[in-house]
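First up is the structure itself, then whatever we jot down about it.
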Amino acid sequence: MDILFSHEQGDFDSLGALLGAYLLNKHALPFLQRRFNRNVNSFLSLYRTELPFLDLHDLPSLPIESLLLLDTQSLPTIKGITKTTRVSVIDHHPLRNDLPPDWDIAIEPVGACTTLLIEKIQQQPIELSAIHATLMLLGIYEDTGSLTYDNTTPRDLQAAAFLLNNGASLRIAAKFLNPPLSPEQQALYDRLLVSLQAHSIQGQNIIIACAEAAEMRDEISSVAHKLRDLLDPDGLIMVVRTHEGIRIVVRSTSEQVNAAKIAASFGGGGHDRAASALISKTQPHAAQTIDTICTEILQRLPHIIEPSITVGQIMSRRPLVLTPQTTAEEAARYMQKYGYEGYPIVRDGKVVGLLTRRAVDRTLAHKMNLTAASLMEAGEVTVFPDHTVEHLQRVMTSSGWGQVPVVDPETRKVIGIVTRTDLFKSMFGSKILPPSKLNLAGRLSAALPPARLALLQTVAQIAHSQQRAVYIVGGFVRDLLLERPSVDFDIVVEGNAIELADALAAQFGGRIVSHKRFGTAKWCIADIRHKIIHQLSSTGLLNADELPDCLDLISARREFYDHPTALPTVERSSIKLDLHRRDFTINTMALRLDGRHYGELYDFWGGYGDLKEGSIRVLHSLSFVDDPTRMLRAVRFEQRFGFRIEDRTLQLLYEARHLLTAVSAQRLRHELDLILLEKNASDMLSRLQDLDLLSAIHPELKWQKEDSQPLMQALSEKPEPWWNLPQEIGRLPTRLAAGYLVWLHRLPQEKAAQVGHRLNFSQKMTSALEAVICLMQEIGQLKDCPPSQIVHRLETVPPLGLYVVSLLLSDQPQEKEAIRRYLTEWQHIHPFTDGKYLRTMDLKPGPSYQRILDALRDAWLDRIVQSKEEEKNYLNQLLAEKE
């Protein structure tokens with residue numbers, strides 16, 4: 001008998017791996033663990049009948065010949081295991097050093113064990129049901145934080161993409177990944193909130209929370225998840241006494257806080273970002289109090305948590321040091337030559353002070369030449385290379401020294417120097433920081449119309465009364481700093497935006513359109529503007545027309561991408577993480593509005609510095625993988641503001657170009673529409689061409705700089721009324737449609753339909769493009785043709801196509817004039833004769849009618865006939881020739 005099994009307190013990864021192993025080896029028996037997390041139990045209660053799992057109480061009383069352990073390296077206690085049982089392991093956790101040598105072990109460093117099974121399934125002709133694919137997707141998402149944890153690998157993303165292509169449901173996955181707390185879990189959550197303590201360890205913000213829950217039967221990992229999202233610490237450690245013993249649950253949001261190492265120190269395990277340990281009632285630690293366990297954890301953490309950046313990583317080595325006898329004039333020459341603002345003063349190898357430029361300059365201004373011994377700031381202020389930047393910050397704050405010598409811990413000799421600039425760069429990653437507590441309230445008041453500003457302030461006041469932080473974020477803040485403000489904004493709420501919207505509607509009225517999954521609400525107020533104005537101002541001086549039709553309120557959230565080019569799934573988060581999900585640093589600044597914080601600028605990700613430096617920079621290396629359309633956006637912002645895509649971002653862009661092939665036509669068109677609406681659209685298209693982004697969308701997509709002038713005309717000039725252009729072509733505004741036709745008129749005729757499909761064109765738009773391409777190829781042949789031939793050719797082209805061709809014929813005035821005359825004169829010329837008249841002449845109705853009428857019109861166009869009498873004679877002549 002061959003058995004498949006995983007670890008107790010099963011999660012989705014263990015269940016997904018168990019299913020994957022069964023699909024690869026259907027003669028083996030997949031047995032469920034005894035206990036599961038609550039969300040896994042909920043999933044099984046709904047979909048158990050569609051899954052192949054067996055219960056342990058149905059295990060036959062037969063010897064187990066082989067046992068495959070999945071997502072664990074611990075041998076379970078189940079009947080049938082003998083000394084001859086062959087044990088195999090498929091896992092992604094670090095290898096334990098106490099495993100028997102005869103076990104067959106396969107361990108690979110991926111984010112989820114399920115990924116390893118999916119890779120094997122991909123190599124075999126195995127069909128997956130939608131529920132099978134969804135369960136395994138849940139396994140990958142749960143163990144990788146929806147592909148956001150640092151342990152996530154490209155293999156996990158590829159496995160997730162495979163499952164989505166095979167019917168995995170994101171809707172079902174979202175339902176079970178973050179379930180609401182049970183009443184029992186909520187009670188524990190409340191007790192933990194009361195008990196939590198914050199500690200700064202190695203510069204990391206660590207929160208430890210303890211509670212008694214001896215009667216609790218629900219799993220507590222969901223409680224840890226909720227606490228982590230609420231508090232956003234670098235590390236969260238929960239210590240809870242349950243009926244099993246003392247459970248230690250660790251969550252991390254920082255590379256420096258390794259959850260698995262913390263749990264392992266108490267005999268547990270897990271991943272870098274999520275781990276746990278159980279001190280069972282039979283273990284020695286179990287008799288200790290929870291407070292004692294917490295104290296022991298605190299003692300261990302400094303040895304486990306790694307400092308983010310050390311002084312040794314940012315210091316300048318071999319600094320120039322001065323002696324106490326160095327004069328002010330000598331020091332000034334050093335400062336001028338090397339540019340440093342301060343120098344350590346060393347006597348007998350020991351730091352005795354710091355000489356600053358300010359002291360030297362003041363001395364020389366008084367025409368004095370004192371020595372360093374007299375001018376220096378006396379003291380032995382030093383740091384070691386292995387000190388953290390957080391420690392360095394405290395030293396600089398307490399001493400006032402902006403340049404701190406770095407000494408060898410053993411010899412105490414100066415080996416380097418670290419400056420405030422080094423500290424700022426290490427902490428903020430930008431050479432330019434926003435001024436301390438920069439407040440933009442004045443700019444905000446100047447930018448917004450009075451009524452809109454009053455509405456915004458009222459929203460902020462209501463949010464403050466609910467103890468919610470609210471912000472204006474993104475492009476509005478960016479443009480405010482660039483002094484090109486907009487009046488349109490969205491409001492981001494730290495907390496539940498829908499509840500804030502409901503409070504606004506309760507006070508003022510209006511209609512709320514909400515999306516609970518995304519935590520967004522649209523407050524529609526077009527019909528109650530005057531009522532709002534009346535409540536906002538008793539003076540009646542505010543203008544109701546200044547209010548928007550709707551106000552968007554958005555809960556701060558983080559986003560997860562299921563696979564490259566996918567639309568994101570979301571979960572609630574802090575404003576810091578909400579800003580981190582955005583495309584570029586210049587769009588990550590926020591303006592806080594509530595209470596005493598009104599107008600304060602928040603810049604967590606260096607957006608202010610990049611804005612001042614004119615840099616377009618992504619926030620992380622997978623930004624273009626998460627959303628390839630950001631590459632098009634990078635070019636749009638670069639050219640709009642006259643900025644520059646910085647080198648690292650450009651490198652990432654080059655590496656991700658191929659992903660544009662998988663982006664949907666609708667999303668591509670949206671980004672290209674926005675580009676064509678820009679004033680310098682031709683520059684943006686040129687840049688897209690230079691970066692090979694157009695060919696990545698479609699091999700035939702190109703841009704010719706020679707078309708810049710007609711493109712600008714198409715996008716900005718208003719056509720004369722006689723062009724008789726429609727408002728739109730297949731749901732595309734005429735202005736944009738004309739821009740596309742100018743851009744794409746050089747396409748090969750046979751490729752027009754392909755490109756039209758790639759750009760999500762309607763059939764009308766594609767037909768217009770084909771007509772323009774064909775006419776541009778033939779227009780020269782019409783130069784010396786009579787009007788009748790010109791009319792026959794041009795009447796097959798829609799008016800917008802003729803308008804575009806006319807724009808493209810800037811150096812062909814004769815052809816342009818022919819188009820004008822067709823539209824204003826020739827197309828309105830018709831013979832007096834019609835079908836009714838032809839029937840009076842005993843002509844049998846049929847195709848000959850149209851040929852006769854066309855011939856008569858041609859005669860009028862070519863001035864062969866110029867009167868009704870001449871037309872009659874010409875008609876008789878045509879009929880005689882027919883006989």
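How things are named: the first chain in the structure tokens is A, the next is B, and so on; residues count from 1 in each chain; ligands count from 1 in the order shown.
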| If you run DSSP on the backbone, which residues of segment 335-433 of chain A are helix (DSSP H, G or I), as a VMD selection string? | chain A and resid 335 to 338 357 to 365 372 to 375 389 to 399 420 to 428
Show which residues sit within 12 Å of Lys751 of chain A, as a PDB file with C-alpha atoms, in the first residue's frame. Count only C-alpha atoms, and ignore same-chain residues fewer than 5 positions away.
```pdb
ATOM      1  CA  HIS A 698       3.087  43.852 -32.851  1.00  0.00           C
ATOM      2  CA  PRO A 699       6.013  43.290 -35.260  1.00  0.00           C
ATOM      3  CA  GLU A 700       4.455  45.580 -37.858  1.00  0.00           C
ATOM      4  CA  LEU A 701       3.817  48.445 -35.467  1.00  0.00           C
ATOM      5  CA  LEU A 744      -0.829  53.422 -39.068  1.00  0.00           C
ATOM      6  CA  HIS A 745      -1.319  54.443 -42.692  1.00  0.00           C
ATOM      7  CA  ARG A 746       2.087  53.019 -43.685  1.00  0.00           C
ATOM      8  CA  GLY A 756      -6.413  46.413 -35.849  1.00  0.00           C
ATOM      9  CA  HIS A 757      -7.241  43.282 -33.903  1.00  0.00           C
ATOM     10  CA  ARG A 758      -4.171  43.721 -31.676  1.00  0.00           C
ATOM     11  CA  THR A 766     -10.305  48.514 -39.215  1.00  0.00           C
ATOM     12  CA  LEU A 769      -7.669  51.930 -41.809  1.00  0.00           C
ATOM     13  CA  GLU A 770      -7.673  49.565 -44.780  1.00  0.00           C
ATOM     14  CA  ILE A 773      -3.821  52.493 -46.658  1.00  0.00           C
TER      15      ILE A 773
END
```
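Near Val239 of chain A, within a cut-off of 9 Å and counting only C-alpha atoms, sit the residues Ile208, Ala209, Cys210, Ala211, Glu212, Ile246, Arg247, Ile248, Val249, Val250, Ile290, Asp291, Ile293 and Cys294 of chain A, with same-chain residues fewer than 5 positions away left out.
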Quiz prompt | Residues within 12 Å of Leu188 of chain A, only C-alpha atoms, excluding chain neighbours under 6 positions, as a list of chain:residue names | solution = A:Leu181, A:Ser182, A:Val194, A:Ser195, A:Ala209, A:Cys210, A:Ala211, A:Glu212, A:Ala213, A:Ala214, A:Glu215, A:Met216, A:Arg217, A:Asp218, A:Glu219, A:Ile220, A:Ser221, A:Ser222, A:Val223, A:Ala224, A:Lys226, A:Leu227, A:Met238, A:Val239, A:Val240, A:Arg241, A:Thr242
Practice prompt. Give the strand (DSSP E or B) residues of segment 295-443 of chain A, as DSSP finds them on the backbone, and put them as a PyMOL selection string.
Written response: chain A and resi 310+316-317+322+327+342-347+350-356+371+377-378+383+388+403-407+414-419+439
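Between atom CA of Tyr141 of chain A and atom CA of Leu170 of chain A the separation is 10.5 Å.
Counting only C-alpha atoms, Ser254 of chain A has the following residues at most 10 Å away, ignoring those fewer than 2 positions along the same chain: Tyr149, Asp150, Gln204, Asn205, Pro233, Asp234, Gly235, Arg251, Ser252, Gln256, Val257, Asn258, Ala259, Asp272, Arg273, Ile305, Glu306 and Ser308 of chain A.
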Mind writing the picked residues with N, CA, C and O atoms as a PDB file, in the first residue's frame?
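Below is the file that was written, result.pdb:
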```
ATOM      1  N   TYR A 149       5.919  37.500  -1.236  1.00  0.00           N
ATOM      2  CA  TYR A 149       6.970  37.272  -0.258  1.00  0.00           C
ATOM      3  C   TYR A 149       8.320  37.124  -0.956  1.00  0.00           C
ATOM      4  O   TYR A 149       8.404  36.732  -2.122  1.00  0.00           O
ATOM      5  N   ASP A 150       9.376  37.395  -0.200  1.00  0.00           N
ATOM      6  CA  ASP A 150      10.724  37.322  -0.763  1.00  0.00           C
ATOM      7  C   ASP A 150      11.097  35.907  -1.193  1.00  0.00           C
ATOM      8  O   ASP A 150      11.985  35.727  -2.028  1.00  0.00           O
ATOM      9  N   GLN A 204      14.852  46.978  13.803  1.00  0.00           N
ATOM     10  CA  GLN A 204      13.597  46.471  13.260  1.00  0.00           C
ATOM     11  C   GLN A 204      12.485  46.631  14.301  1.00  0.00           C
ATOM     12  O   GLN A 204      12.703  46.441  15.507  1.00  0.00           O
ATOM     13  N   ASN A 205      11.292  46.981  13.822  1.00  0.00           N
ATOM     14  CA  ASN A 205      10.142  47.157  14.698  1.00  0.00           C
ATOM     15  C   ASN A 205       9.472  45.802  14.922  1.00  0.00           C
ATOM     16  O   ASN A 205       8.830  45.251  14.021  1.00  0.00           O
ATOM     17  N   PRO A 233       4.162  45.775  11.251  1.00  0.00           N
ATOM     18  CA  PRO A 233       5.502  45.802  11.847  1.00  0.00           C
ATOM     19  C   PRO A 233       6.495  45.098  10.938  1.00  0.00           C
ATOM     20  O   PRO A 233       6.114  44.458   9.947  1.00  0.00           O
ATOM     21  N   ASP A 234       7.778  45.201  11.286  1.00  0.00           N
ATOM     22  CA  ASP A 234       8.767  44.396  10.574  1.00  0.00           C
ATOM     23  C   ASP A 234       8.625  42.927  10.962  1.00  0.00           C
ATOM     24  O   ASP A 234       8.865  42.038  10.146  1.00  0.00           O
ATOM     25  N   GLY A 235       8.247  42.683  12.231  1.00  0.00           N
ATOM     26  CA  GLY A 235       8.041  41.327  12.688  1.00  0.00           C
ATOM     27  C   GLY A 235       6.953  41.275  13.745  1.00  0.00           C
ATOM     28  O   GLY A 235       6.841  42.165  14.590  1.00  0.00           O
ATOM     29  N   ARG A 251       5.273  36.215  12.094  1.00  0.00           N
ATOM     30  CA  ARG A 251       5.063  36.785  10.769  1.00  0.00           C
ATOM     31  C   ARG A 251       6.102  37.884  10.551  1.00  0.00           C
ATOM     32  O   ARG A 251       6.459  38.622  11.486  1.00  0.00           O
ATOM     33  N   SER A 252       6.574  38.009   9.323  1.00  0.00           N
ATOM     34  CA  SER A 252       7.616  38.989   9.015  1.00  0.00           C
ATOM     35  C   SER A 252       7.258  39.741   7.746  1.00  0.00           C
ATOM     36  O   SER A 252       6.684  39.178   6.813  1.00  0.00           O
ATOM     37  N   GLN A 256      15.142  41.276   7.038  1.00  0.00           N
ATOM     38  CA  GLN A 256      16.035  41.110   8.175  1.00  0.00           C
ATOM     39  C   GLN A 256      15.411  40.270   9.301  1.00  0.00           C
ATOM     40  O   GLN A 256      16.115  39.827  10.195  1.00  0.00           O
ATOM     41  N   VAL A 257      14.091  40.070   9.253  1.00  0.00           N
ATOM     42  CA  VAL A 257      13.417  39.286  10.288  1.00  0.00           C
ATOM     43  C   VAL A 257      13.011  37.950   9.675  1.00  0.00           C
ATOM     44  O   VAL A 257      12.050  37.874   8.910  1.00  0.00           O
ATOM     45  N   ASN A 258      13.773  36.910   9.968  1.00  0.00           N
ATOM     46  CA  ASN A 258      13.527  35.591   9.393  1.00  0.00           C
ATOM     47  C   ASN A 258      12.606  34.810  10.319  1.00  0.00           C
ATOM     48  O   ASN A 258      13.018  34.323  11.380  1.00  0.00           O
ATOM     49  N   ALA A 259      11.344  34.686   9.937  1.00  0.00           N
ATOM     50  CA  ALA A 259      10.358  34.017  10.788  1.00  0.00           C
ATOM     51  C   ALA A 259      10.731  32.564  11.041  1.00  0.00           C
ATOM     52  O   ALA A 259      10.542  32.043  12.143  1.00  0.00           O
ATOM     53  N   ASP A 272      10.506  32.135   5.516  1.00  0.00           N
ATOM     54  CA  ASP A 272      11.118  33.390   5.958  1.00  0.00           C
ATOM     55  C   ASP A 272      10.075  34.367   6.475  1.00  0.00           C
ATOM     56  O   ASP A 272      10.343  35.139   7.399  1.00  0.00           O
ATOM     57  N   ARG A 273       8.879  34.343   5.890  1.00  0.00           N
ATOM     58  CA  ARG A 273       7.863  35.334   6.239  1.00  0.00           C
ATOM     59  C   ARG A 273       6.771  34.798   7.165  1.00  0.00           C
ATOM     60  O   ARG A 273       6.039  35.589   7.757  1.00  0.00           O
ATOM     61  N   ILE A 305      17.760  38.298  14.396  1.00  0.00           N
ATOM     62  CA  ILE A 305      17.406  39.383  13.473  1.00  0.00           C
ATOM     63  C   ILE A 305      18.674  40.033  12.944  1.00  0.00           C
ATOM     64  O   ILE A 305      19.586  40.371  13.696  1.00  0.00           O
ATOM     65  N   GLU A 306      18.722  40.191  11.657  1.00  0.00           N
ATOM     66  CA  GLU A 306      19.884  40.791  11.013  1.00  0.00           C
ATOM     67  C   GLU A 306      19.655  42.289  10.830  1.00  0.00           C
ATOM     68  O   GLU A 306      18.568  42.708  10.438  1.00  0.00           O
ATOM     69  N   SER A 308      19.529  45.809   9.073  1.00  0.00           N
ATOM     70  CA  SER A 308      19.239  46.099   7.668  1.00  0.00           C
ATOM     71  C   SER A 308      20.488  46.526   6.910  1.00  0.00           C
ATOM     72  O   SER A 308      20.838  45.947   5.891  1.00  0.00           O
TER      73      SER A 308
END
```
Determine, counting only C-alpha atoms, which protein, DNA and RNA residues have an atom within 7 Å of an atom of segment 686-695 of chain A; residues of the same chain fewer than 6 positions away are not included. Present the result as a PDB file with N, CA and C atoms, in the first residue's frame.
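As a result, selection12.pdb now contains:
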```pdb
ATOM      1  N   VAL A 635       7.205  55.840 -20.533  1.00  0.00           N
ATOM      2  CA  VAL A 635       7.525  56.721 -21.664  1.00  0.00           C
ATOM      3  C   VAL A 635       6.608  57.939 -21.659  1.00  0.00           C
ATOM      4  N   ARG A 657      10.307  43.661 -22.068  1.00  0.00           N
ATOM      5  CA  ARG A 657       9.570  44.069 -23.269  1.00  0.00           C
ATOM      6  C   ARG A 657       8.706  42.961 -23.847  1.00  0.00           C
ATOM      7  N   LEU A 701       4.132  47.138 -36.034  1.00  0.00           N
ATOM      8  CA  LEU A 701       3.817  48.445 -35.467  1.00  0.00           C
ATOM      9  C   LEU A 701       5.075  49.310 -35.428  1.00  0.00           C
ATOM     10  N   LYS A 702       5.042  50.425 -36.165  1.00  0.00           N
ATOM     11  CA  LYS A 702       6.208  51.313 -36.266  1.00  0.00           C
ATOM     12  C   LYS A 702       5.727  52.762 -36.218  1.00  0.00           C
ATOM     13  N   TRP A 703       6.701  53.663 -36.065  1.00  0.00           N
ATOM     14  CA  TRP A 703       6.399  55.090 -36.091  1.00  0.00           C
ATOM     15  C   TRP A 703       7.420  55.801 -36.954  1.00  0.00           C
ATOM     16  N   LYS A 705       8.852  59.523 -37.952  1.00  0.00           N
ATOM     17  CA  LYS A 705       8.866  60.907 -37.465  1.00  0.00           C
ATOM     18  C   LYS A 705       8.291  61.872 -38.494  1.00  0.00           C
TER      19      LYS A 705
END
```
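From atom CA of Ile262 of chain A back to atom CA of Phe5 of chain A, the distance works out to 26.2 Å.
The nearest approach to Ser129 of chain A among the residues A:Leu23, A:Ile864, A:Ile207, A:Leu67, with only C-alpha atoms taken into account, belongs to A:Leu23.
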Quick one: which segment 750-815 of chain A residues come within 10 Å of segment 720-725 of chain A, and what is the nearest atom pair for each with the distance in Å to one decimal, counting only C-alpha atoms, rows ordered by chain and ascending number, as a tab-separated table?
```
residue	atom	partner	partner_atom	distance
A:Pro798	CA	A:Leu725	CA	9.0
A:Pro799	CA	A:Leu725	CA	6.1
A:Leu800	CA	A:Leu725	CA	6.1
A:Gly801	CA	A:Leu725	CA	9.7
A:Leu802	CA	A:Trp723	CA	8.6
A:Tyr803	CA	A:Trp723	CA	7.1
```
